Amino acid sequence: MTEQRDYYQVPDLRGHFGIHGGRFASETLMNALEELSELYGRMKNDPDFQAEFDRDLAHYVGRPSPLYFAERLSKNWGGAEVWLKREDLNHTGAHKINNTIGQALLAKHVGKRRVIAETGAGQHGVASATVAARLGLDCVVYMGADDVERQKLNVYRMKLLGAEVVPVTSGTRTLKDAMNEAMRDWVTNVDDTYYIIGTVAGPHPYPMLVRDFQAVIGRETRRQMQAQAGALPDALVACVGGGSNAIGLFHEFLNDPTVAIYGVEAGGLGLETGQHAAPLSAGKPGILHGNRTYLMADDNGQILGTHSVSAGLDYPGVGPEHSWLKDEGRAQYVSVTDDEAMAAFRELTRTEGIMPALETAHALAYAKKLAPEMGQGKRLVVNLSGRGDKDVHTVARMDGMDI
Amino acid sequence: MSRLQNTLAELKAAGRKALIPYITAGDPDLDTTLQLMHDLVAAGADIIELGVPFSDPMADGPTIQLAYERALLHNVGLRDVLALVERFRSHDNKTPVVLMGYMNPIEYMGYETFVSSSVQAGVDGVLVVDLPPEECETLTAMLHEQNLDTIFLLTPTTSDQRAAEICRHSSGYVYYVSIKGVTGANTLDVTDVKRHVDRLRRATDLPIAVGFGIKTADDAAAVSRVADGVIVGSALVNIIARSGQGDTAVEISSQVSALVSDMRKGMDAA
């Protein structure tokens, strides 16, 4: 019999998840990162802060989000019961708001009047602009120039919310470049600015604190599954770009050995084509954006351009805790292609009347393969991380329509 | 004593300050960089900082970002930079060369290969922008074992306690970043620089070189009065950038030489 592993001993004090994580940042930011660690260390154990966070999640975000048994979809797929954790029903339409609520409270506690954020699909940008509007903070969102073009609707939402959206034209003009530019802003304005990172990546303590703010997803899932089915789920499935919705669901179940865990990366046009965004499936460890983690890079260590139909997964790195869970064998990381994700988008929409984000559709596409393998009597939970309204233009274009 | 330490000791003995120009390897191409390295020495440079192109230079402003992009147009990577230093060494065995860049190219090459290739090529020091002391132990130990120097950045936001820790890992010189911001920013406040340099003197006996925001011979002269070395990067890279607007290699070479030579004169007269 093997000894029960404890997966809650990471990160260590310096933010390491095994060889991954850490704090590979330029010196100007080190002081701010230390202050943030210290602040978060206090707030994490402060009942008033936690009560304020819980109150906002309940009354502003609309939590708990439902855990929905997708009966027709389960029948169609012919195997395990498929349950959907409805993060798409949160205010602003995705899980991203859980984290921005938490980080905005941190910004408020230290009296920073200006927040900045990076965004890919625009969901984190919208969630940041939303909390900034609510707290009366200035907000600047960096977004790759190509993504600004792809996600016009979210760009306009951010502007309506009072945020300034800065298109980033350097590098590959996508999420990674937006993150570079946000870091440059932060280095320059570190005294009065709080940087709201949108995923479980970046220098310590970001991967830890974003995880903690998102972990509410898994905690609710456990409670709801017990109440509605009287059991734990047998498998969890979530899409992984940076990996915040996935960690949010997985974290609660890491020490439950009967719960299998699957993270689904963007396979783009197929791993063999090189046109994808699947560092855990096809990359190797390196250092980017302040942490060591699996990356997509060439032999010279230059970060490669990525491809995914979904802007939110179009990132060459991944949160360091996922890299560690992969190395430990606790979670399995797989990928599905653009086409598979598109088919899943249409299938959920037509079968259950729920239109998922294209990011989320990747998790569904893998669940479709997994459910029959697991078989009847088993239960799998898919994190329905976001709604698909923002992607309607993209899908219409593929259908040859201009709306 | 390493070549870098030797150079700095000689300067100190002569009562002179170190002039340390930065250029990006491969901008606009490797042959031009080699020529420029020799030009810099002829114009009065004491030490050369050579940028290693990286796709995601988080701590650099637009000037150096574009220099990296020009170099990456023909895929100049760490191996090419090491080969460039080796070529430089065949004509100059005296001027120390410090590689400056980001961590991932070194991670992907592997520390052992990187260290042994650096020794082989004749590299003298390494400055990795995104490698703070907290994460540096392994690489620093391997570099020191081969008598290569490790240069770290200190900034206005560095506390006294951190400064002491950083200096403990440093050798050769320490690099004081004069502003909060990215490379190429505009504001240089020499009074403020002096205050910080004086503070850092309590943390280290190593020479303190100052960079970021030094554009003119006057800037260089003013900084040389309060520090041990002057680092100039974006001002030179801006000249090199004119290669894109049709300036020939000879024109660039003479303009780079002129600026460095003016700075040298300004510093020596200060």
# chains A, B, ... in the order shown; residues from 1 in each chain; ligands from 1
>>> select_by_dssp(residues="region 6-253 of chain B", states="strand (DSSP E)", output="ChimeraX atom specification")
/B:18-24,48-51,97-101,125-128,149-150,153-154,174-177,208-211,229-232
>>> residues_around(residues="Tyr176 (chain B)", least_positions_apart="3", cutoff="10 Å", atoms="only C-alpha atoms", output="list in words")
Phe152, Leu153, Leu154, Thr155, Pro156, Thr158, Tyr173, Ile179, Val193, His196, Val197, Leu200, Ile208, Ala209, Val210, Gly211, Phe212, Ala227, Gly229, Val230 and Ile231 of chain B
>>> atom_distance(atom1="CA of Glu347 (chain A)", atom2="CA of Gly386 (chain A)")
15.8 Å
>>> residues_around(residues="Glu145 (chain B)", least_positions_apart="3", cutoff="12 Å", atoms="only C-alpha atoms", output="MDAnalysis selection string")
chainID B and resid 2 112 115:116 119 138:142 148:150
>>> write_last_selection(atoms="N, CA, C and O atoms", output="short mmCIF file (atom, residue, chain, number, x, y, z; two decimals), in the first residue's frame")
data_model
loop_
_atom_site.label_atom_id
_atom_site.label_comp_id
_atom_site.auth_asym_id
_atom_site.auth_seq_id
_atom_site.Cartn_x
_atom_site.Cartn_y
_atom_site.Cartn_z
N SER B 2 39.93 37.91 -11.47
CA SER B 2 39.40 37.75 -12.82
C SER B 2 39.79 38.95 -13.69
O SER B 2 40.23 39.98 -13.18
N GLU B 112 25.35 23.84 -17.14
CA GLU B 112 26.72 23.35 -17.34
C GLU B 112 27.27 23.76 -18.69
O GLU B 112 28.40 24.25 -18.79
N VAL B 115 27.96 27.55 -18.71
CA VAL B 115 29.16 27.98 -17.98
C VAL B 115 30.42 27.58 -18.74
O VAL B 115 31.33 28.40 -18.95
N SER B 116 30.48 26.33 -19.19
CA SER B 116 31.70 25.90 -19.87
C SER B 116 31.88 26.63 -21.20
O SER B 116 32.99 27.02 -21.56
N VAL B 119 33.22 30.14 -20.51
CA VAL B 119 34.67 30.11 -20.22
C VAL B 119 35.43 29.98 -21.53
O VAL B 119 36.36 30.74 -21.82
N THR B 138 22.43 28.16 -7.41
CA THR B 138 23.03 27.10 -8.22
C THR B 138 23.90 27.69 -9.34
O THR B 138 25.07 27.33 -9.48
N LEU B 139 23.31 28.60 -10.10
CA LEU B 139 24.04 29.16 -11.25
C LEU B 139 25.24 29.99 -10.77
O LEU B 139 26.34 29.89 -11.33
N THR B 140 25.03 30.78 -9.74
CA THR B 140 26.11 31.64 -9.24
C THR B 140 27.30 30.80 -8.78
O THR B 140 28.45 31.12 -9.10
N ALA B 141 27.02 29.73 -8.07
CA ALA B 141 28.10 28.87 -7.59
C ALA B 141 28.89 28.30 -8.76
O ALA B 141 30.14 28.27 -8.74
N MET B 142 28.18 27.87 -9.80
CA MET B 142 28.87 27.28 -10.96
C MET B 142 29.72 28.33 -11.68
O MET B 142 30.82 28.04 -12.15
N LEU B 148 34.11 33.24 -13.18
CA LEU B 148 33.27 34.21 -13.90
C LEU B 148 32.55 35.07 -12.87
O LEU B 148 32.14 34.57 -11.83
N ASP B 149 32.39 36.35 -13.17
CA ASP B 149 31.76 37.25 -12.22
C ASP B 149 30.24 37.29 -12.40
O ASP B 149 29.73 37.08 -13.51
N THR B 150 29.57 37.57 -11.30
CA THR B 150 28.10 37.66 -11.34
C THR B 150 27.69 39.07 -10.93
O THR B 150 27.98 39.51 -9.83
#
>>> select_by_dssp(residues="region 168-386 of chain A", states="helix (DSSP H, G or I)", output="PyMOL selection string")
chain A and resi 175-188+206-214+216-229+244-253+271-273+279-282+311-313+320-328+338-352+358-374
>>> atom_distance(atom1="CA of Thr183 (chain B)", atom2="CA of Ser26 (chain A)")
11.9 Å
>>> residues_around(residues="Pro316 (chain A)", least_positions_apart="2", cutoff="12 Å", atoms="only C-alpha atoms", output="PyMOL selection string")
(chain A and resi 172+174-177+179+201+240-243+265-267+274-289+293-298+302-308+311-314+318-319) or (chain B and resi 55-56)
>>> interface_residues(of="chain B", to="chain A", cutoff="8 Å", atoms="only C-alpha atoms", output="PyMOL selection string")
chain B and resi 54-61+69+77-79+103-109+129-132+134-135+153-159+180-182
>>> closest_residue(among="B:Val190, B:Leu50, B:Ala45, B:Leu82", to="Gly213 (chain B)", atoms="only C-alpha atoms")
B:Val190
>>> atom_distance(atom1="CA of Gln9 (chain A)", atom2="CA of Asn383 (chain A)")
24.4 Å
>>> residues_around(residues="Gly266 (chain B)", least_positions_apart="6", cutoff="7 Å", atoms="only C-alpha atoms", output="short mmCIF file (atom, residue, chain, number, x, y, z; two decimals) with C-alpha atoms, in the first residue's frame")
data_model
loop_
_atom_site.label_atom_id
_atom_site.label_comp_id
_atom_site.auth_asym_id
_atom_site.auth_seq_id
_atom_site.Cartn_x
_atom_site.Cartn_y
_atom_site.Cartn_z
CA ALA B 217 28.45 63.17 -22.18
CA ASP B 218 27.22 65.57 -19.48
CA ALA B 220 28.06 60.47 -17.94
CA ALA B 221 30.33 63.09 -16.38
#
>>> residues_around(residues="Gly136 (chain A)", least_positions_apart="5", cutoff="12 Å", atoms="only C-alpha atoms", output="compact mmCIF listing (two decimals) with all heavy atoms, in the first residue's frame")
# COMPACT_ATOMS: atom_id res chain seq x y z
N ALA A 104 -8.74 42.89 -5.74
CA ALA A 104 -9.15 44.29 -5.57
C ALA A 104 -9.27 44.63 -4.09
O ALA A 104 -8.94 45.74 -3.67
CB ALA A 104 -10.47 44.54 -6.29
N ALA A 107 -5.83 45.35 -3.00
CA ALA A 107 -5.42 46.70 -3.46
C ALA A 107 -6.04 47.76 -2.56
O ALA A 107 -5.38 48.74 -2.18
CB ALA A 107 -5.85 46.91 -4.91
N LYS A 108 -7.30 47.56 -2.21
CA LYS A 108 -8.00 48.52 -1.35
C LYS A 108 -7.31 48.60 0.02
O LYS A 108 -7.11 49.69 0.55
CB LYS A 108 -9.46 48.10 -1.20
CG LYS A 108 -10.35 49.18 -0.63
CD LYS A 108 -11.81 48.75 -0.59
CE LYS A 108 -12.13 48.06 0.72
NZ LYS A 108 -13.55 47.77 0.90
N GLY A 111 -4.34 50.67 -0.09
CA GLY A 111 -4.58 52.04 -0.53
C GLY A 111 -4.04 52.39 -1.90
O GLY A 111 -3.77 53.55 -2.19
N LYS A 112 -3.90 51.40 -2.78
CA LYS A 112 -3.46 51.69 -4.15
C LYS A 112 -4.67 52.20 -4.95
O LYS A 112 -5.74 51.60 -4.91
CB LYS A 112 -2.87 50.44 -4.81
CG LYS A 112 -1.66 49.86 -4.05
CD LYS A 112 -0.35 50.41 -4.55
CE LYS A 112 0.80 50.10 -3.60
NZ LYS A 112 1.72 49.08 -4.07
N ARG A 113 -4.45 53.30 -5.66
CA ARG A 113 -5.55 53.95 -6.37
C ARG A 113 -5.65 53.53 -7.84
O ARG A 113 -6.51 53.95 -8.57
CB ARG A 113 -5.39 55.48 -6.32
CG ARG A 113 -5.35 56.06 -4.93
CD ARG A 113 -6.63 55.78 -4.16
NE ARG A 113 -7.83 56.17 -4.91
CZ ARG A 113 -9.03 55.66 -4.70
NH1 ARG A 113 -9.20 54.72 -3.79
NH2 ARG A 113 -10.05 56.09 -5.41
N ARG A 114 -4.66 52.77 -8.28
CA ARG A 114 -4.61 52.42 -9.69
C ARG A 114 -4.35 50.92 -9.80
O ARG A 114 -3.47 50.39 -9.11
CB ARG A 114 -3.46 53.20 -10.33
CG ARG A 114 -3.22 52.94 -11.80
CD ARG A 114 -2.13 53.90 -12.33
NE ARG A 114 -1.88 53.71 -13.74
CZ ARG A 114 -0.94 52.90 -14.23
NH1 ARG A 114 -0.16 52.22 -13.42
NH2 ARG A 114 -0.78 52.78 -15.55
N VAL A 115 -5.13 50.25 -10.63
CA VAL A 115 -4.88 48.83 -10.89
C VAL A 115 -4.60 48.62 -12.37
O VAL A 115 -5.11 49.36 -13.23
CB VAL A 115 -6.05 47.92 -10.44
CG1 VAL A 115 -6.23 47.95 -8.93
CG2 VAL A 115 -7.34 48.29 -11.16
N SER A 128 -11.54 42.78 -14.18
CA SER A 128 -10.72 43.78 -13.48
C SER A 128 -11.37 45.16 -13.59
O SER A 128 -11.44 45.90 -12.60
CB SER A 128 -9.31 43.83 -14.07
OG SER A 128 -8.66 42.59 -13.90
N ALA A 129 -11.82 45.50 -14.80
CA ALA A 129 -12.47 46.80 -15.00
C ALA A 129 -13.73 46.90 -14.14
O ALA A 129 -14.07 47.97 -13.62
CB ALA A 129 -12.81 47.00 -16.48
N THR A 130 -14.40 45.78 -13.96
CA THR A 130 -15.63 45.75 -13.17
C THR A 130 -15.36 46.07 -11.70
O THR A 130 -16.02 46.92 -11.11
CB THR A 130 -16.28 44.35 -13.29
OG1 THR A 130 -16.62 44.14 -14.67
CG2 THR A 130 -17.52 44.23 -12.42
N VAL A 131 -14.37 45.38 -11.13
CA VAL A 131 -14.10 45.63 -9.70
C VAL A 131 -13.50 47.02 -9.51
O VAL A 131 -13.73 47.67 -8.49
CB VAL A 131 -13.20 44.54 -9.07
CG1 VAL A 131 -13.92 43.21 -9.05
CG2 VAL A 131 -11.86 44.43 -9.77
N LEU A 161 -16.86 50.40 -18.86
CA LEU A 161 -16.64 50.31 -17.42
C LEU A 161 -15.63 51.35 -16.92
O LEU A 161 -15.35 51.43 -15.73
CB LEU A 161 -16.15 48.90 -17.05
CG LEU A 161 -17.22 47.81 -17.13
CD1 LEU A 161 -16.59 46.43 -17.25
CD2 LEU A 161 -18.17 47.87 -15.94
N GLY A 162 -15.08 52.11 -17.85
CA GLY A 162 -14.18 53.19 -17.46
C GLY A 162 -12.71 52.83 -17.51
O GLY A 162 -11.86 53.62 -17.09
N ALA A 163 -12.37 51.66 -18.02
CA ALA A 163 -10.96 51.27 -18.09
C ALA A 163 -10.33 51.79 -19.38
O ALA A 163 -11.02 51.99 -20.38
CB ALA A 163 -10.82 49.76 -18.03
>>> residues_around(residues="region 68-84 of chain A", least_positions_apart="4", cutoff="7 Å", atoms="only C-alpha atoms", output="PyMOL selection string")
chain A and resi 351-352+368+371-372+374-384
>>> write_last_selection(atoms="N, CA and C atoms", output="compact mmCIF listing (two decimals), in the first residue's frame")
# COMPACT_ATOMS: atom_id res chain seq x y z
N THR A 351 -27.69 20.81 -27.07
CA THR A 351 -28.19 19.72 -26.23
C THR A 351 -28.73 20.21 -24.90
N GLU A 352 -28.06 21.22 -24.35
CA GLU A 352 -28.44 21.67 -23.01
C GLU A 352 -28.88 23.14 -22.99
N LYS A 368 -16.17 14.48 -23.41
CA LYS A 368 -16.92 13.63 -24.34
C LYS A 368 -16.18 12.31 -24.61
N ALA A 371 -16.15 10.35 -20.81
CA ALA A 371 -17.40 9.82 -20.21
C ALA A 371 -17.65 8.36 -20.59
N PRO A 372 -17.59 7.99 -21.87
CA PRO A 372 -17.81 6.57 -22.20
C PRO A 372 -16.73 5.65 -21.63
N MET A 374 -15.20 6.03 -18.80
CA MET A 374 -15.46 5.86 -17.36
C MET A 374 -16.63 4.91 -17.14
N GLY A 375 -17.65 5.04 -18.00
CA GLY A 375 -18.78 4.13 -17.94
C GLY A 375 -19.90 4.57 -17.00
N GLN A 376 -20.99 3.86 -17.10
CA GLN A 376 -22.19 4.16 -16.30
C GLN A 376 -21.88 4.11 -14.81
N GLY A 377 -22.62 4.92 -14.08
CA GLY A 377 -22.49 4.88 -12.62
C GLY A 377 -21.38 5.76 -12.09
N LYS A 378 -20.57 6.29 -12.98
CA LYS A 378 -19.51 7.22 -12.54
C LYS A 378 -19.99 8.65 -12.78
N ARG A 379 -19.31 9.58 -12.11
CA ARG A 379 -19.68 10.99 -12.25
C ARG A 379 -18.46 11.83 -12.59
N LEU A 380 -18.60 12.65 -13.59
CA LEU A 380 -17.51 13.58 -13.87
C LEU A 380 -18.04 15.01 -13.82
N VAL A 381 -17.19 15.90 -13.34
CA VAL A 381 -17.54 17.31 -13.26
C VAL A 381 -16.68 18.09 -14.26
N VAL A 382 -17.35 18.85 -15.11
CA VAL A 382 -16.64 19.76 -16.02
C VAL A 382 -16.78 21.18 -15.47
N ASN A 383 -15.67 21.88 -15.35
CA ASN A 383 -15.78 23.27 -14.93
C ASN A 383 -16.24 24.10 -16.13
N LEU A 384 -17.49 24.56 -16.06
CA LEU A 384 -18.01 25.39 -17.14
C LEU A 384 -17.56 26.82 -16.86
>>> closest_atom_pairs(of="region 197-291 of chain A", to="region 53-67 of chain A", cutoff="7 Å", atoms="only C-alpha atoms", output="JSON lines")
{"residue": "A:Glu220", "atom": "CA", "partner": "A:Pro64", "partner_atom": "CA", "distance": 6.7}
{"residue": "A:Thr221", "atom": "CA", "partner": "A:Leu67", "partner_atom": "CA", "distance": 6.8}
{"residue": "A:Gln224", "atom": "CA", "partner": "A:Leu67", "partner_atom": "CA", "distance": 6.5}
>>> decode(residues="region 216-229 of chain A", atoms="N, CA, C and O atoms", output="short mmCIF file (atom, residue, chain, number, x, y, z; two decimals), in the first residue's frame")
data_model
loop_
_atom_site.label_atom_id
_atom_site.label_comp_id
_atom_site.auth_asym_id
_atom_site.auth_seq_id
_atom_site.Cartn_x
_atom_site.Cartn_y
_atom_site.Cartn_z
N VAL A 216 -12.63 28.48 -4.24
CA VAL A 216 -14.05 28.43 -3.88
C VAL A 216 -14.83 27.53 -4.85
O VAL A 216 -15.82 26.89 -4.48
N ILE A 217 -14.36 27.43 -6.08
CA ILE A 217 -15.05 26.60 -7.09
C ILE A 217 -15.09 25.14 -6.63
O ILE A 217 -16.15 24.49 -6.62
N GLY A 218 -13.95 24.62 -6.22
CA GLY A 218 -13.88 23.23 -5.78
C GLY A 218 -14.60 22.99 -4.46
O GLY A 218 -15.26 21.95 -4.29
N ARG A 219 -14.48 23.95 -3.55
CA ARG A 219 -15.15 23.79 -2.25
C ARG A 219 -16.65 23.66 -2.43
O ARG A 219 -17.30 22.80 -1.84
N GLU A 220 -17.21 24.53 -3.27
CA GLU A 220 -18.65 24.44 -3.54
C GLU A 220 -19.00 23.12 -4.23
O GLU A 220 -20.02 22.50 -3.93
N THR A 221 -18.14 22.71 -5.16
CA THR A 221 -18.42 21.49 -5.92
C THR A 221 -18.51 20.28 -4.99
O THR A 221 -19.41 19.45 -5.12
N ARG A 222 -17.59 20.20 -4.04
CA ARG A 222 -17.62 19.08 -3.11
C ARG A 222 -18.95 19.07 -2.32
O ARG A 222 -19.63 18.05 -2.26
N ARG A 223 -19.30 20.22 -1.79
CA ARG A 223 -20.51 20.33 -0.99
C ARG A 223 -21.74 20.00 -1.83
O ARG A 223 -22.62 19.24 -1.43
N GLN A 224 -21.78 20.56 -3.03
CA GLN A 224 -22.96 20.37 -3.89
C GLN A 224 -23.07 18.92 -4.36
O GLN A 224 -24.17 18.37 -4.44
N MET A 225 -21.94 18.33 -4.67
CA MET A 225 -21.96 16.94 -5.14
C MET A 225 -22.44 16.02 -4.03
O MET A 225 -23.23 15.10 -4.25
N GLN A 226 -21.94 16.29 -2.81
CA GLN A 226 -22.39 15.50 -1.65
C GLN A 226 -23.88 15.65 -1.46
O GLN A 226 -24.61 14.67 -1.26
N ALA A 227 -24.37 16.89 -1.57
CA ALA A 227 -25.79 17.15 -1.33
C ALA A 227 -26.66 16.57 -2.44
O ALA A 227 -27.73 16.02 -2.19
N GLN A 228 -26.21 16.70 -3.70
CA GLN A 228 -27.07 16.32 -4.82
C GLN A 228 -26.91 14.86 -5.24
O GLN A 228 -27.83 14.28 -5.80
N ALA A 229 -25.73 14.29 -5.02
CA ALA A 229 -25.51 12.91 -5.46
C ALA A 229 -25.04 12.02 -4.33
O ALA A 229 -24.92 10.80 -4.50
#
